[in-house]
file structure.txt (compact mmCIF, C-alpha atoms)
# COMPACT_ATOMS: atom_id res chain seq x y z
CA MET M 1 -27.87 -19.45 -26.82
CA SER M 2 -26.46 -22.99 -27.11
CA GLU M 3 -28.06 -26.36 -26.45
CA ARG M 4 -26.83 -26.31 -22.84
CA ASP M 5 -29.01 -23.24 -22.25
CA PHE M 6 -32.07 -25.36 -23.03
CA GLY M 7 -34.84 -24.76 -20.51
CA TRP M 8 -33.22 -21.63 -19.11
CA SER M 9 -34.98 -18.30 -18.97
CA LEU M 10 -34.25 -15.16 -17.00
CA HIS M 11 -36.12 -14.91 -13.68
CA ALA M 12 -39.05 -12.46 -13.97
CA GLN M 13 -37.79 -10.24 -11.15
CA LEU M 14 -34.35 -9.91 -12.75
CA ALA M 15 -35.99 -9.15 -16.09
CA THR M 16 -38.00 -6.35 -14.45
CA ASP M 17 -35.04 -4.75 -12.65
CA THR M 18 -32.42 -4.89 -15.40
CA ILE M 19 -31.46 -4.22 -19.00
CA SER M 20 -29.59 -6.97 -20.86
CA ILE M 21 -26.36 -5.87 -22.48
CA GLY M 22 -25.40 -9.22 -24.03
CA ASP M 23 -24.26 -12.78 -23.50
CA LEU M 24 -20.83 -14.17 -22.67
CA PRO M 25 -20.28 -17.91 -23.29
CA LEU M 26 -21.84 -18.85 -19.93
CA SER M 27 -23.57 -15.79 -18.53
CA ARG M 28 -26.01 -13.10 -19.53
CA VAL M 29 -24.72 -9.65 -18.57
CA LEU M 30 -27.32 -7.26 -17.16
CA VAL M 31 -27.33 -3.67 -15.91
CA ILE M 32 -29.47 -2.94 -12.84
CA ASN M 33 -31.60 0.08 -13.62
CA ASP M 34 -30.41 2.06 -10.61
CA ALA M 35 -28.30 5.13 -11.26
CA ASN M 36 -27.22 5.23 -7.59
CA TYR M 37 -24.48 2.71 -8.40
CA PRO M 38 -22.97 1.29 -11.60
CA TRP M 39 -24.25 -2.22 -10.96
CA LEU M 40 -24.07 -5.30 -13.18
CA LEU M 41 -25.30 -8.86 -12.84
CA LEU M 42 -23.93 -12.03 -14.37
CA VAL M 43 -26.52 -14.78 -14.72
CA PRO M 44 -25.26 -18.19 -15.88
CA ARG M 45 -27.67 -19.50 -18.52
CA ARG M 46 -28.17 -22.89 -16.90
CA PRO M 47 -31.60 -24.02 -15.72
CA GLY M 48 -32.24 -24.79 -12.06
CA VAL M 49 -28.99 -23.30 -10.73
CA ALA M 50 -29.21 -21.51 -7.37
CA GLU M 51 -25.66 -21.80 -6.04
CA VAL M 52 -22.19 -21.56 -7.57
CA LEU M 53 -21.91 -25.16 -6.29
CA ASP M 54 -24.69 -26.19 -8.69
CA LEU M 55 -22.43 -25.39 -11.65
CA ASP M 56 -19.94 -28.04 -12.72
CA GLU M 57 -16.21 -27.32 -12.33
CA VAL M 58 -15.73 -26.13 -15.90
CA GLU M 59 -18.67 -23.76 -15.53
CA GLN M 60 -17.31 -22.50 -12.19
CA ALA M 61 -13.98 -21.69 -13.82
CA GLN M 62 -15.75 -20.00 -16.72
CA LEU M 63 -17.84 -17.95 -14.28
CA MET M 64 -14.64 -16.70 -12.62
CA THR M 65 -13.22 -15.77 -16.02
CA GLU M 66 -16.38 -13.89 -17.00
CA LEU M 67 -16.60 -12.24 -13.60
CA THR M 68 -13.08 -10.84 -13.79
CA ARG M 69 -13.64 -9.71 -17.38
CA VAL M 70 -16.80 -7.82 -16.42
CA ALA M 71 -15.31 -6.45 -13.20
CA ARG M 72 -12.24 -5.14 -15.03
CA ALA M 73 -14.45 -3.45 -17.63
CA LEU M 74 -16.67 -1.90 -14.97
CA ARG M 75 -13.69 -0.58 -13.02
CA ALA M 76 -12.07 0.85 -16.15
CA GLN M 77 -15.27 2.54 -17.21
CA THR M 78 -16.20 4.04 -13.83
CA ASP M 79 -12.81 4.60 -12.17
CA CYS M 80 -14.48 3.40 -8.96
CA ASP M 81 -12.88 3.23 -5.51
CA LYS M 82 -13.85 -0.42 -4.88
CA LEU M 83 -15.61 -3.33 -6.50
CA ASN M 84 -18.21 -5.35 -4.62
CA VAL M 85 -18.87 -8.87 -5.88
CA ALA M 86 -21.57 -11.08 -4.38
CA ALA M 87 -23.81 -14.08 -4.96
CA LEU M 88 -26.59 -13.88 -2.38
CA GLY M 89 -29.92 -15.08 -3.81
CA ASN M 90 -31.99 -15.03 -0.65
CA VAL M 91 -34.89 -13.38 -2.48
CA VAL M 92 -34.44 -14.34 -6.16
CA PRO M 93 -33.30 -17.97 -6.24
CA GLN M 94 -31.83 -17.99 -9.77
CA LEU M 95 -28.03 -17.72 -9.43
CA HIS M 96 -26.96 -14.15 -10.19
CA VAL M 97 -23.64 -12.54 -9.33
CA HIS M 98 -23.61 -8.85 -8.47
CA VAL M 99 -20.66 -6.75 -9.66
CA ILE M 100 -20.99 -3.24 -8.26
CA ALA M 101 -18.74 -0.20 -8.66
CA ARG M 102 -18.53 1.61 -5.34
CA PHE M 103 -17.43 5.15 -4.55
CA ARG M 104 -16.62 6.73 -1.22
CA SER M 105 -19.19 9.34 -2.21
CA ASP M 106 -22.03 6.94 -3.06
CA ALA M 107 -25.39 6.72 -1.30
CA ALA M 108 -24.57 3.64 0.80
CA TRP M 109 -20.79 3.83 1.38
CA PRO M 110 -19.26 2.00 3.19
CA ARG M 111 -22.23 -0.29 3.72
CA PRO M 112 -23.37 -2.92 1.21
CA VAL M 113 -25.89 -1.48 -1.26
CA TRP M 114 -28.82 -3.83 -0.76
CA GLY M 115 -31.98 -2.34 0.69
CA LEU M 116 -30.54 1.03 1.68
CA VAL M 117 -31.67 3.53 -0.94
CA PRO M 118 -34.60 3.27 -3.39
CA ALA M 119 -33.54 2.54 -6.95
CA ARG M 120 -33.25 5.63 -9.12
CA PRO M 121 -33.81 4.76 -12.80
CA TYR M 122 -31.25 6.03 -15.32
CA GLU M 123 -31.93 8.88 -17.70
CA PRO M 124 -32.14 7.24 -21.16
CA ALA M 125 -29.07 9.05 -22.55
CA GLN M 126 -27.01 8.20 -19.45
CA LEU M 127 -27.99 4.54 -19.70
CA GLU M 128 -27.18 4.43 -23.39
CA THR M 129 -23.69 5.84 -22.81
CA PHE M 130 -23.04 3.46 -19.91
CA ILE M 131 -24.11 0.41 -21.89
CA ALA M 132 -22.19 1.43 -25.02
CA GLY M 133 -18.98 1.75 -22.99
CA LEU M 134 -19.45 -1.60 -21.31
CA HIS M 135 -20.25 -3.30 -24.59
CA ARG M 136 -16.95 -2.16 -25.98
CA ARG M 137 -14.90 -2.95 -22.90
CA ILE M 138 -16.38 -6.41 -22.30
CA TRP M 139 -16.05 -7.19 -26.03
CA LEU M 140 -19.69 -8.10 -26.36
CA ASP M 141 -21.02 -8.21 -29.93
CA MET O 142 3.29 -20.53 4.25
CA SER O 143 5.30 -20.50 1.01
CA GLU O 144 7.66 -17.94 -0.45
CA ARG O 145 4.82 -16.32 -2.39
CA ASP O 146 3.19 -15.44 0.94
CA PHE O 147 6.22 -13.31 1.77
CA GLY O 148 5.19 -9.96 3.20
CA TRP O 149 1.61 -11.07 3.83
CA SER O 150 -0.03 -10.88 7.22
CA LEU O 151 -3.64 -11.03 8.27
CA HIS O 152 -5.30 -7.62 8.63
CA ALA O 153 -5.66 -6.68 12.30
CA GLN O 154 -9.44 -6.27 12.12
CA LEU O 155 -9.86 -9.72 10.59
CA ALA O 156 -7.56 -11.17 13.24
CA THR O 157 -9.74 -9.63 15.95
CA ASP O 158 -13.06 -10.85 14.53
CA THR O 159 -12.12 -14.40 13.58
CA ILE O 160 -10.54 -17.71 14.55
CA SER O 161 -8.20 -19.33 12.01
CA ILE O 162 -9.02 -22.91 11.14
CA GLY O 163 -6.18 -23.53 8.71
CA ASP O 164 -4.59 -22.78 5.35
CA LEU O 165 -5.50 -24.01 1.88
CA PRO O 166 -2.83 -23.61 -0.83
CA LEU O 167 -3.84 -19.99 -1.51
CA SER O 168 -6.14 -18.89 1.29
CA ARG O 169 -6.37 -18.83 5.04
CA VAL O 170 -9.75 -20.10 6.25
CA LEU O 171 -11.29 -18.20 9.16
CA VAL O 172 -14.46 -18.48 11.22
CA ILE O 173 -16.17 -15.22 12.16
CA ASN O 174 -16.85 -15.30 15.88
CA ASP O 175 -20.57 -14.66 15.50
CA ALA O 176 -22.95 -17.47 16.41
CA ASN O 177 -25.83 -15.71 14.62
CA TYR O 178 -24.64 -17.26 11.36
CA PRO O 179 -22.16 -19.98 10.38
CA TRP O 180 -19.80 -17.57 8.63
CA LEU O 181 -16.38 -18.24 7.10
CA LEU O 182 -13.82 -16.07 5.38
CA LEU O 183 -11.23 -17.00 2.79
CA VAL O 184 -8.23 -14.65 2.73
CA PRO O 185 -5.69 -15.19 -0.07
CA ARG O 186 -2.20 -15.00 1.43
CA ARG O 187 -0.86 -12.48 -1.05
CA PRO O 188 0.36 -9.06 0.06
CA GLY O 189 -1.33 -5.90 -1.19
CA VAL O 190 -4.36 -7.60 -2.72
CA ALA O 191 -7.68 -5.73 -2.41
CA GLU O 192 -9.66 -7.06 -5.37
CA VAL O 193 -10.08 -10.46 -7.00
CA LEU O 194 -8.67 -8.61 -10.04
CA ASP O 195 -5.39 -8.10 -8.17
CA LEU O 196 -4.78 -11.87 -8.18
CA ASP O 197 -3.27 -13.39 -11.30
CA GLU O 198 -5.35 -15.79 -13.38
CA VAL O 199 -3.97 -18.93 -11.78
CA GLU O 200 -4.69 -17.52 -8.33
CA GLN O 201 -8.20 -16.52 -9.40
CA ALA O 202 -8.90 -20.08 -10.54
CA GLN O 203 -7.44 -21.43 -7.31
CA LEU O 204 -9.63 -19.05 -5.30
CA MET O 205 -12.72 -20.41 -7.07
CA THR O 206 -11.60 -23.97 -6.30
CA GLU O 207 -11.04 -23.17 -2.63
CA LEU O 208 -14.28 -21.22 -2.44
CA THR O 209 -16.37 -24.12 -3.73
CA ARG O 210 -14.54 -26.55 -1.46
CA VAL O 211 -15.25 -24.42 1.60
CA ALA O 212 -18.83 -23.65 0.55
CA ARG O 213 -19.59 -27.33 -0.01
CA ALA O 214 -18.19 -28.19 3.43
CA LEU O 215 -20.14 -25.42 5.11
CA ARG O 216 -23.39 -26.47 3.44
CA ALA O 217 -22.84 -30.12 4.34
CA GLN O 218 -22.10 -29.28 7.93
CA THR O 219 -24.96 -26.83 8.50
CA ASP O 220 -27.67 -28.11 6.13
CA CYS O 221 -28.38 -24.43 5.40
CA ASP O 222 -31.12 -23.08 3.15
CA LYS O 223 -28.81 -20.84 1.11
CA LEU O 224 -25.18 -19.86 0.77
CA ASN O 225 -24.14 -16.23 0.52
CA VAL O 226 -20.75 -15.53 -1.07
CA ALA O 227 -19.30 -12.03 -1.27
CA ALA O 228 -16.12 -9.99 -1.65
CA LEU O 229 -16.94 -6.46 -0.48
CA GLY O 230 -13.99 -4.88 1.32
CA ASN O 231 -15.34 -1.36 1.74
CA VAL O 232 -14.15 -1.25 5.36
CA VAL O 233 -11.27 -3.76 5.55
CA PRO O 234 -9.24 -3.40 2.36
CA GLN O 235 -7.44 -6.77 2.47
CA LEU O 236 -9.23 -9.12 0.06
CA HIS O 237 -11.47 -11.48 2.02
CA VAL O 238 -14.32 -13.59 0.67
CA HIS O 239 -17.32 -14.19 2.89
CA VAL O 240 -19.00 -17.61 2.77
CA ILE O 241 -22.10 -17.56 4.93
CA ALA O 242 -24.66 -20.28 5.66
CA ARG O 243 -28.12 -18.72 5.70
CA PHE O 244 -31.36 -20.03 7.17
CA ARG O 245 -34.89 -18.78 6.66
CA SER O 246 -35.00 -18.61 10.45
CA ASP O 247 -31.83 -16.56 10.93
CA ALA O 248 -31.60 -13.08 12.44
CA ALA O 249 -31.27 -11.20 9.14
CA TRP O 250 -33.15 -13.34 6.60
CA PRO O 251 -33.72 -12.54 3.77
CA ARG O 252 -31.48 -9.50 4.00
CA PRO O 253 -27.67 -9.62 3.74
CA VAL O 254 -26.07 -10.12 7.15
CA TRP O 255 -23.77 -7.10 7.32
CA GLY O 256 -24.55 -4.51 9.96
CA LEU O 257 -27.93 -5.84 11.02
CA VAL O 258 -27.44 -7.69 14.31
CA PRO O 259 -24.58 -7.34 16.81
CA ALA O 260 -22.15 -10.26 16.72
CA ARG O 261 -22.87 -12.92 19.33
CA PRO O 262 -19.66 -14.79 20.28
CA TYR O 263 -19.78 -18.59 20.26
CA GLU O 264 -19.82 -20.69 23.39
CA PRO O 265 -16.40 -22.38 23.49
CA ALA O 266 -17.78 -25.92 23.14
CA GLN O 267 -20.03 -24.89 20.23
CA LEU O 268 -17.11 -23.25 18.45
CA GLU O 269 -14.90 -26.27 18.98
CA THR O 270 -17.49 -28.61 17.47
CA PHE O 271 -18.08 -26.30 14.52
CA ILE O 272 -14.37 -26.00 13.77
CA ALA O 273 -13.69 -29.72 14.17
CA GLY O 274 -16.43 -30.54 11.64
CA LEU O 275 -15.15 -28.02 9.14
CA HIS O 276 -11.58 -29.20 9.53
CA ARG O 277 -12.63 -32.67 8.57
CA ARG O 278 -14.90 -31.66 5.70
CA ILE O 279 -12.46 -29.17 4.14
CA TRP O 280 -9.61 -31.68 4.54
CA LEU O 281 -7.47 -29.25 6.43
CA ASP O 282 -4.56 -30.74 8.35
call {"tool": "encode", "arguments": {"input": "structure.txt", "output": "structure tokens"}}
result
Amino acid sequence: MSERDFGWSLHAQLATDTISIGDLPLSRVLVINDANYPWLLLVPRRPGVAEVLDLDEVEQAQLMTELTRVARALRAQTDCDKLNVAALGNVVPQLHVHVIARFRSDAAWPRPVWGLVPARPYEPAQLETFIAGLHRRIWLD
Amino acid sequence: MSERDFGWSLHAQLATDTISIGDLPLSRVLVINDANYPWLLLVPRRPGVAEVLDLDEVEQAQLMTELTRVARALRAQTDCDKLNVAALGNVVPQLHVHVIARFRSDAAWPRPVWGLVPARPYEPAQLETFIAGLHRRIWLD
């Protein structure tokens, strides 16, 4: 955390639904606890930010850099058929960017994942393996 | 169109569903012909690109610049409650980024828009006004 993070904290709903796997310079990287899809979130650690437009231009560029880094790692780890990337925020207002690995065989394909299938929590060993691989590929500490 | 666009053409499904409002340096800007939501697409004019990861780093940065420019214009024009931004591509593989103005009163709120309500084509005069305003705000030709 740096001084520009001052006043930021993770939204309670995101904290409930996810496991943190570490911080990039701008964003916290989270895993959604839903084994239906390998599903990450990037949350810029800036208070009061709801839209990508609320970030300044340097932060927007950094978000793109972090997004591609995380997306590349997720694709390499899962060998998925498609990536889905989205910033919606209609329910949880704190800016969070979804990065989801999709498979033609997954529970929602080809539809978007939101609201279709109840979340299925990971088995602890499965989650541990997933997070360890991402840690290494994203070059988190 | 520049020489780097060589070999690119708009995917037939996107051509059917949209009206082009002009080109930014990287992306074609399209309006989805669905009056349920003010809904734009950005399509980078690069052949064979399915993921943001398939663009090079300069193009990725340019996409972010164009995305924020278009999103800012759309928000200013519609006075929406929220922007939704997404690159999904499970059905149409050509990379296209959705930029959607959402209202608490709209047909899908707070859910994502995809697949919920049949598209409702614009009245010609309504579409013309919408496009003229965007043209001006995005500084298209």
call {"tool": "residues_around", "arguments": {"input": "structure.txt", "residues": "segment 180-192 of chain O", "least_positions_apart": "6", "cutoff": "9 Å", "atoms": "only C-alpha atoms", "output": "count of residues only"}}
result
42
call {"tool": "closest_residue", "arguments": {"input": "structure.txt", "among": "O:Val193, O:His276, O:Phe271, O:Gln218", "to": "chain M", "atoms": "only C-alpha atoms"}}
result
O:Val193
call {"tool": "atom_distance", "arguments": {"input": "structure.txt", "atom1": "atom CA of Gly274 of chain O", "atom2": "atom CA of Ala61 of chain M"}}
result
27.1 Å
call {"tool": "atom_distance", "arguments": {"input": "structure.txt", "atom1": "atom CA of Trp114 of chain M", "atom2": "atom CA of Val232 of chain O"}}
result
16.1 Å
call {"tool": "closest_residue", "arguments": {"input": "structure.txt", "among": "M:Glu3, M:Asp54, M:Glu128, M:Asp34", "to": "chain O", "atoms": "all atoms listed in the file"}}
result
M:Asp54
call {"tool": "axis_aligned_box", "arguments": {"input": "structure.txt", "around": "segment 255-261 of chain O", "padding_each_side": "6 Å", "output": "AutoDock Vina command-line options"}}
result
--center_x -25.0 --center_y -8.7 --center_z 13.3 --size_x 17.8 --size_y 20.4 --size_z 24.0
call {"tool": "closest_residue", "arguments": {"input": "structure.txt", "among": "M:Ile21, M:Ile138, M:Ala12, M:Tyr37", "to": "Val117 of chain M", "atoms": "only C-alpha atoms"}}
result
M:Tyr37
call {"tool": "atom_distance", "arguments": {"input": "structure.txt", "atom1": "atom CA of Pro259 of chain O", "atom2": "atom CA of Ser246 of chain O"}}
result
16.6 Å
call {"tool": "closest_residue", "arguments": {"input": "structure.txt", "among": "O:Ala227, O:Leu281, O:Ala266, O:Ala260", "to": "chain M", "atoms": "all atoms listed in the file"}}
result
O:Ala227
call {"tool": "decode", "arguments": {"input": "structure.txt", "residues": "segment 14-55 of chain M", "atoms": "N, CA and C atoms", "output": "PDB file, in the first residue's frame"}}
result
ATOM      1  N   LEU M  14     -17.147  -7.586  -2.118  1.00  0.00           N
ATOM      2  CA  LEU M  14     -15.998  -8.187  -2.813  1.00  0.00           C
ATOM      3  C   LEU M  14     -15.147  -8.989  -1.835  1.00  0.00           C
ATOM      4  N   ALA M  15     -14.998  -8.481  -0.625  1.00  0.00           N
ATOM      5  CA  ALA M  15     -14.222  -9.209   0.387  1.00  0.00           C
ATOM      6  C   ALA M  15     -14.879 -10.550   0.713  1.00  0.00           C
ATOM      7  N   THR M  16     -16.193 -10.581   0.731  1.00  0.00           N
ATOM      8  CA  THR M  16     -16.927 -11.820   1.041  1.00  0.00           C
ATOM      9  C   THR M  16     -16.789 -12.853  -0.079  1.00  0.00           C
ATOM     10  N   ASP M  17     -16.802 -12.393  -1.315  1.00  0.00           N
ATOM     11  CA  ASP M  17     -16.875 -13.308  -2.467  1.00  0.00           C
ATOM     12  C   ASP M  17     -15.523 -13.785  -2.976  1.00  0.00           C
ATOM     13  N   THR M  18     -14.440 -13.237  -2.465  1.00  0.00           N
ATOM     14  CA  THR M  18     -13.135 -13.448  -3.093  1.00  0.00           C
ATOM     15  C   THR M  18     -12.045 -13.814  -2.094  1.00  0.00           C
ATOM     16  N   ILE M  19     -10.914 -14.252  -2.650  1.00  0.00           N
ATOM     17  CA  ILE M  19      -9.681 -14.447  -1.896  1.00  0.00           C
ATOM     18  C   ILE M  19      -8.624 -13.554  -2.551  1.00  0.00           C
ATOM     19  N   SER M  20      -7.929 -12.757  -1.764  1.00  0.00           N
ATOM     20  CA  SER M  20      -6.879 -11.897  -2.316  1.00  0.00           C
ATOM     21  C   SER M  20      -5.651 -12.726  -2.637  1.00  0.00           C
ATOM     22  N   ILE M  21      -5.073 -12.475  -3.831  1.00  0.00           N
ATOM     23  CA  ILE M  21      -3.824 -13.178  -4.123  1.00  0.00           C
ATOM     24  C   ILE M  21      -2.641 -12.218  -4.210  1.00  0.00           C
ATOM     25  N   GLY M  22      -2.872 -10.926  -4.019  1.00  0.00           N
ATOM     26  CA  GLY M  22      -1.741  -9.997  -3.941  1.00  0.00           C
ATOM     27  C   GLY M  22      -2.044  -8.674  -4.617  1.00  0.00           C
ATOM     28  N   ASP M  23      -1.085  -7.766  -4.523  1.00  0.00           N
ATOM     29  CA  ASP M  23      -1.249  -6.419  -5.068  1.00  0.00           C
ATOM     30  C   ASP M  23      -0.261  -6.172  -6.201  1.00  0.00           C
ATOM     31  N   LEU M  24      -0.753  -5.627  -7.305  1.00  0.00           N
ATOM     32  CA  LEU M  24       0.090  -5.023  -8.322  1.00  0.00           C
ATOM     33  C   LEU M  24       0.210  -3.536  -7.976  1.00  0.00           C
ATOM     34  N   PRO M  25       0.998  -2.756  -8.718  1.00  0.00           N
ATOM     35  CA  PRO M  25       1.209  -1.363  -8.309  1.00  0.00           C
ATOM     36  C   PRO M  25      -0.097  -0.573  -8.135  1.00  0.00           C
ATOM     37  N   LEU M  26      -1.078  -0.811  -8.994  1.00  0.00           N
ATOM     38  CA  LEU M  26      -2.361  -0.109  -8.863  1.00  0.00           C
ATOM     39  C   LEU M  26      -3.441  -0.963  -8.213  1.00  0.00           C
ATOM     40  N   SER M  27      -3.529  -2.213  -8.595  1.00  0.00           N
ATOM     41  CA  SER M  27      -4.727  -3.010  -8.318  1.00  0.00           C
ATOM     42  C   SER M  27      -4.461  -4.173  -7.372  1.00  0.00           C
ATOM     43  N   ARG M  28      -5.460  -4.469  -6.557  1.00  0.00           N
ATOM     44  CA  ARG M  28      -5.482  -5.734  -5.823  1.00  0.00           C
ATOM     45  C   ARG M  28      -6.022  -6.811  -6.758  1.00  0.00           C
ATOM     46  N   VAL M  29      -5.413  -7.995  -6.702  1.00  0.00           N
ATOM     47  CA  VAL M  29      -5.831  -9.116  -7.544  1.00  0.00           C
ATOM     48  C   VAL M  29      -6.557 -10.125  -6.663  1.00  0.00           C
ATOM     49  N   LEU M  30      -7.767 -10.475  -7.060  1.00  0.00           N
ATOM     50  CA  LEU M  30      -8.642 -11.333  -6.259  1.00  0.00           C
ATOM     51  C   LEU M  30      -9.118 -12.512  -7.092  1.00  0.00           C
ATOM     52  N   VAL M  31      -9.333 -13.639  -6.437  1.00  0.00           N
ATOM     53  CA  VAL M  31      -9.964 -14.796  -7.072  1.00  0.00           C
ATOM     54  C   VAL M  31     -11.394 -14.887  -6.558  1.00  0.00           C
ATOM     55  N   ILE M  32     -12.364 -14.981  -7.459  1.00  0.00           N
ATOM     56  CA  ILE M  32     -13.747 -15.226  -7.036  1.00  0.00           C
ATOM     57  C   ILE M  32     -13.854 -16.687  -6.616  1.00  0.00           C
ATOM     58  N   ASN M  33     -14.451 -16.898  -5.472  1.00  0.00           N
ATOM     59  CA  ASN M  33     -14.541 -18.263  -4.933  1.00  0.00           C
ATOM     60  C   ASN M  33     -15.704 -19.012  -5.585  1.00  0.00           C
ATOM     61  N   ASP M  34     -15.500 -19.302  -6.876  1.00  0.00           N
ATOM     62  CA  ASP M  34     -16.515 -20.003  -7.671  1.00  0.00           C
ATOM     63  C   ASP M  34     -15.780 -20.906  -8.654  1.00  0.00           C
ATOM     64  N   ALA M  35     -15.808 -22.193  -8.338  1.00  0.00           N
ATOM     65  CA  ALA M  35     -15.049 -23.152  -9.155  1.00  0.00           C
ATOM     66  C   ALA M  35     -15.716 -23.428 -10.505  1.00  0.00           C
ATOM     67  N   ASN M  36     -16.874 -22.819 -10.783  1.00  0.00           N
ATOM     68  CA  ASN M  36     -17.474 -22.965 -12.109  1.00  0.00           C
ATOM     69  C   ASN M  36     -16.622 -22.351 -13.206  1.00  0.00           C
ATOM     70  N   TYR M  37     -15.893 -21.279 -12.854  1.00  0.00           N
ATOM     71  CA  TYR M  37     -15.076 -20.566 -13.839  1.00  0.00           C
ATOM     72  C   TYR M  37     -13.809 -20.059 -13.140  1.00  0.00           C
ATOM     73  N   PRO M  38     -12.656 -20.170 -13.776  1.00  0.00           N
ATOM     74  CA  PRO M  38     -11.474 -19.451 -13.261  1.00  0.00           C
ATOM     75  C   PRO M  38     -11.716 -17.955 -13.471  1.00  0.00           C
ATOM     76  N   TRP M  39     -11.827 -17.213 -12.378  1.00  0.00           N
ATOM     77  CA  TRP M  39     -12.435 -15.872 -12.436  1.00  0.00           C
ATOM     78  C   TRP M  39     -11.688 -14.951 -11.478  1.00  0.00           C
ATOM     79  N   LEU M  40     -11.041 -13.951 -12.036  1.00  0.00           N
ATOM     80  CA  LEU M  40     -10.262 -13.000 -11.244  1.00  0.00           C
ATOM     81  C   LEU M  40     -10.900 -11.624 -11.293  1.00  0.00           C
ATOM     82  N   LEU M  41     -10.566 -10.824 -10.294  1.00  0.00           N
ATOM     83  CA  LEU M  41     -10.942  -9.405 -10.296  1.00  0.00           C
ATOM     84  C   LEU M  41      -9.691  -8.570 -10.084  1.00  0.00           C
ATOM     85  N   LEU M  42      -9.649  -7.437 -10.753  1.00  0.00           N
ATOM     86  CA  LEU M  42      -8.660  -6.399 -10.467  1.00  0.00           C
ATOM     87  C   LEU M  42      -9.403  -5.218  -9.858  1.00  0.00           C
ATOM     88  N   VAL M  43      -8.956  -4.778  -8.696  1.00  0.00           N
ATOM     89  CA  VAL M  43      -9.600  -3.643  -8.033  1.00  0.00           C
ATOM     90  C   VAL M  43      -8.557  -2.556  -7.793  1.00  0.00           C
ATOM     91  N   PRO M  44      -8.612  -1.462  -8.555  1.00  0.00           N
ATOM     92  CA  PRO M  44      -7.660  -0.366  -8.317  1.00  0.00           C
ATOM     93  C   PRO M  44      -7.820   0.176  -6.887  1.00  0.00           C
ATOM     94  N   ARG M  45      -6.697   0.316  -6.200  1.00  0.00           N
ATOM     95  CA  ARG M  45      -6.734   0.760  -4.803  1.00  0.00           C
ATOM     96  C   ARG M  45      -6.770   2.290  -4.752  1.00  0.00           C
ATOM     97  N   ARG M  46      -7.868   2.832  -5.205  1.00  0.00           N
ATOM     98  CA  ARG M  46      -8.076   4.277  -5.177  1.00  0.00           C
ATOM     99  C   ARG M  46      -9.463   4.525  -4.599  1.00  0.00           C
ATOM    100  N   PRO M  47      -9.566   5.375  -3.596  1.00  0.00           N
ATOM    101  CA  PRO M  47     -10.880   5.564  -2.963  1.00  0.00           C
ATOM    102  C   PRO M  47     -11.865   6.285  -3.880  1.00  0.00           C
ATOM    103  N   GLY M  48     -13.115   5.903  -3.790  1.00  0.00           N
ATOM    104  CA  GLY M  48     -14.190   6.650  -4.455  1.00  0.00           C
ATOM    105  C   GLY M  48     -14.247   6.471  -5.952  1.00  0.00           C
ATOM    106  N   VAL M  49     -13.647   5.419  -6.486  1.00  0.00           N
ATOM    107  CA  VAL M  49     -13.594   5.227  -7.937  1.00  0.00           C
ATOM    108  C   VAL M  49     -14.641   4.194  -8.361  1.00  0.00           C
ATOM    109  N   ALA M  50     -15.559   4.620  -9.220  1.00  0.00           N
ATOM    110  CA  ALA M  50     -16.630   3.733  -9.697  1.00  0.00           C
ATOM    111  C   ALA M  50     -16.466   3.376 -11.169  1.00  0.00           C
ATOM    112  N   GLU M  51     -15.850   4.263 -11.929  1.00  0.00           N
ATOM    113  CA  GLU M  51     -15.710   4.073 -13.371  1.00  0.00           C
ATOM    114  C   GLU M  51     -14.231   4.123 -13.747  1.00  0.00           C
ATOM    115  N   VAL M  52     -13.882   3.479 -14.849  1.00  0.00           N
ATOM    116  CA  VAL M  52     -12.528   3.642 -15.396  1.00  0.00           C
ATOM    117  C   VAL M  52     -12.246   5.139 -15.616  1.00  0.00           C
ATOM    118  N   LEU M  53     -13.279   5.884 -16.004  1.00  0.00           N
ATOM    119  CA  LEU M  53     -13.139   7.330 -16.223  1.00  0.00           C
ATOM    120  C   LEU M  53     -12.759   8.100 -14.965  1.00  0.00           C
ATOM    121  N   ASP M  54     -12.994   7.525 -13.794  1.00  0.00           N
ATOM    122  CA  ASP M  54     -12.636   8.209 -12.547  1.00  0.00           C
ATOM    123  C   ASP M  54     -11.142   8.100 -12.242  1.00  0.00           C
ATOM    124  N   LEU M  55     -10.454   7.188 -12.917  1.00  0.00           N
ATOM    125  CA  LEU M  55      -8.993   7.117 -12.784  1.00  0.00           C
ATOM    126  C   LEU M  55      -8.367   8.207 -13.648  1.00  0.00           C
TER     127      LEU M  55
END
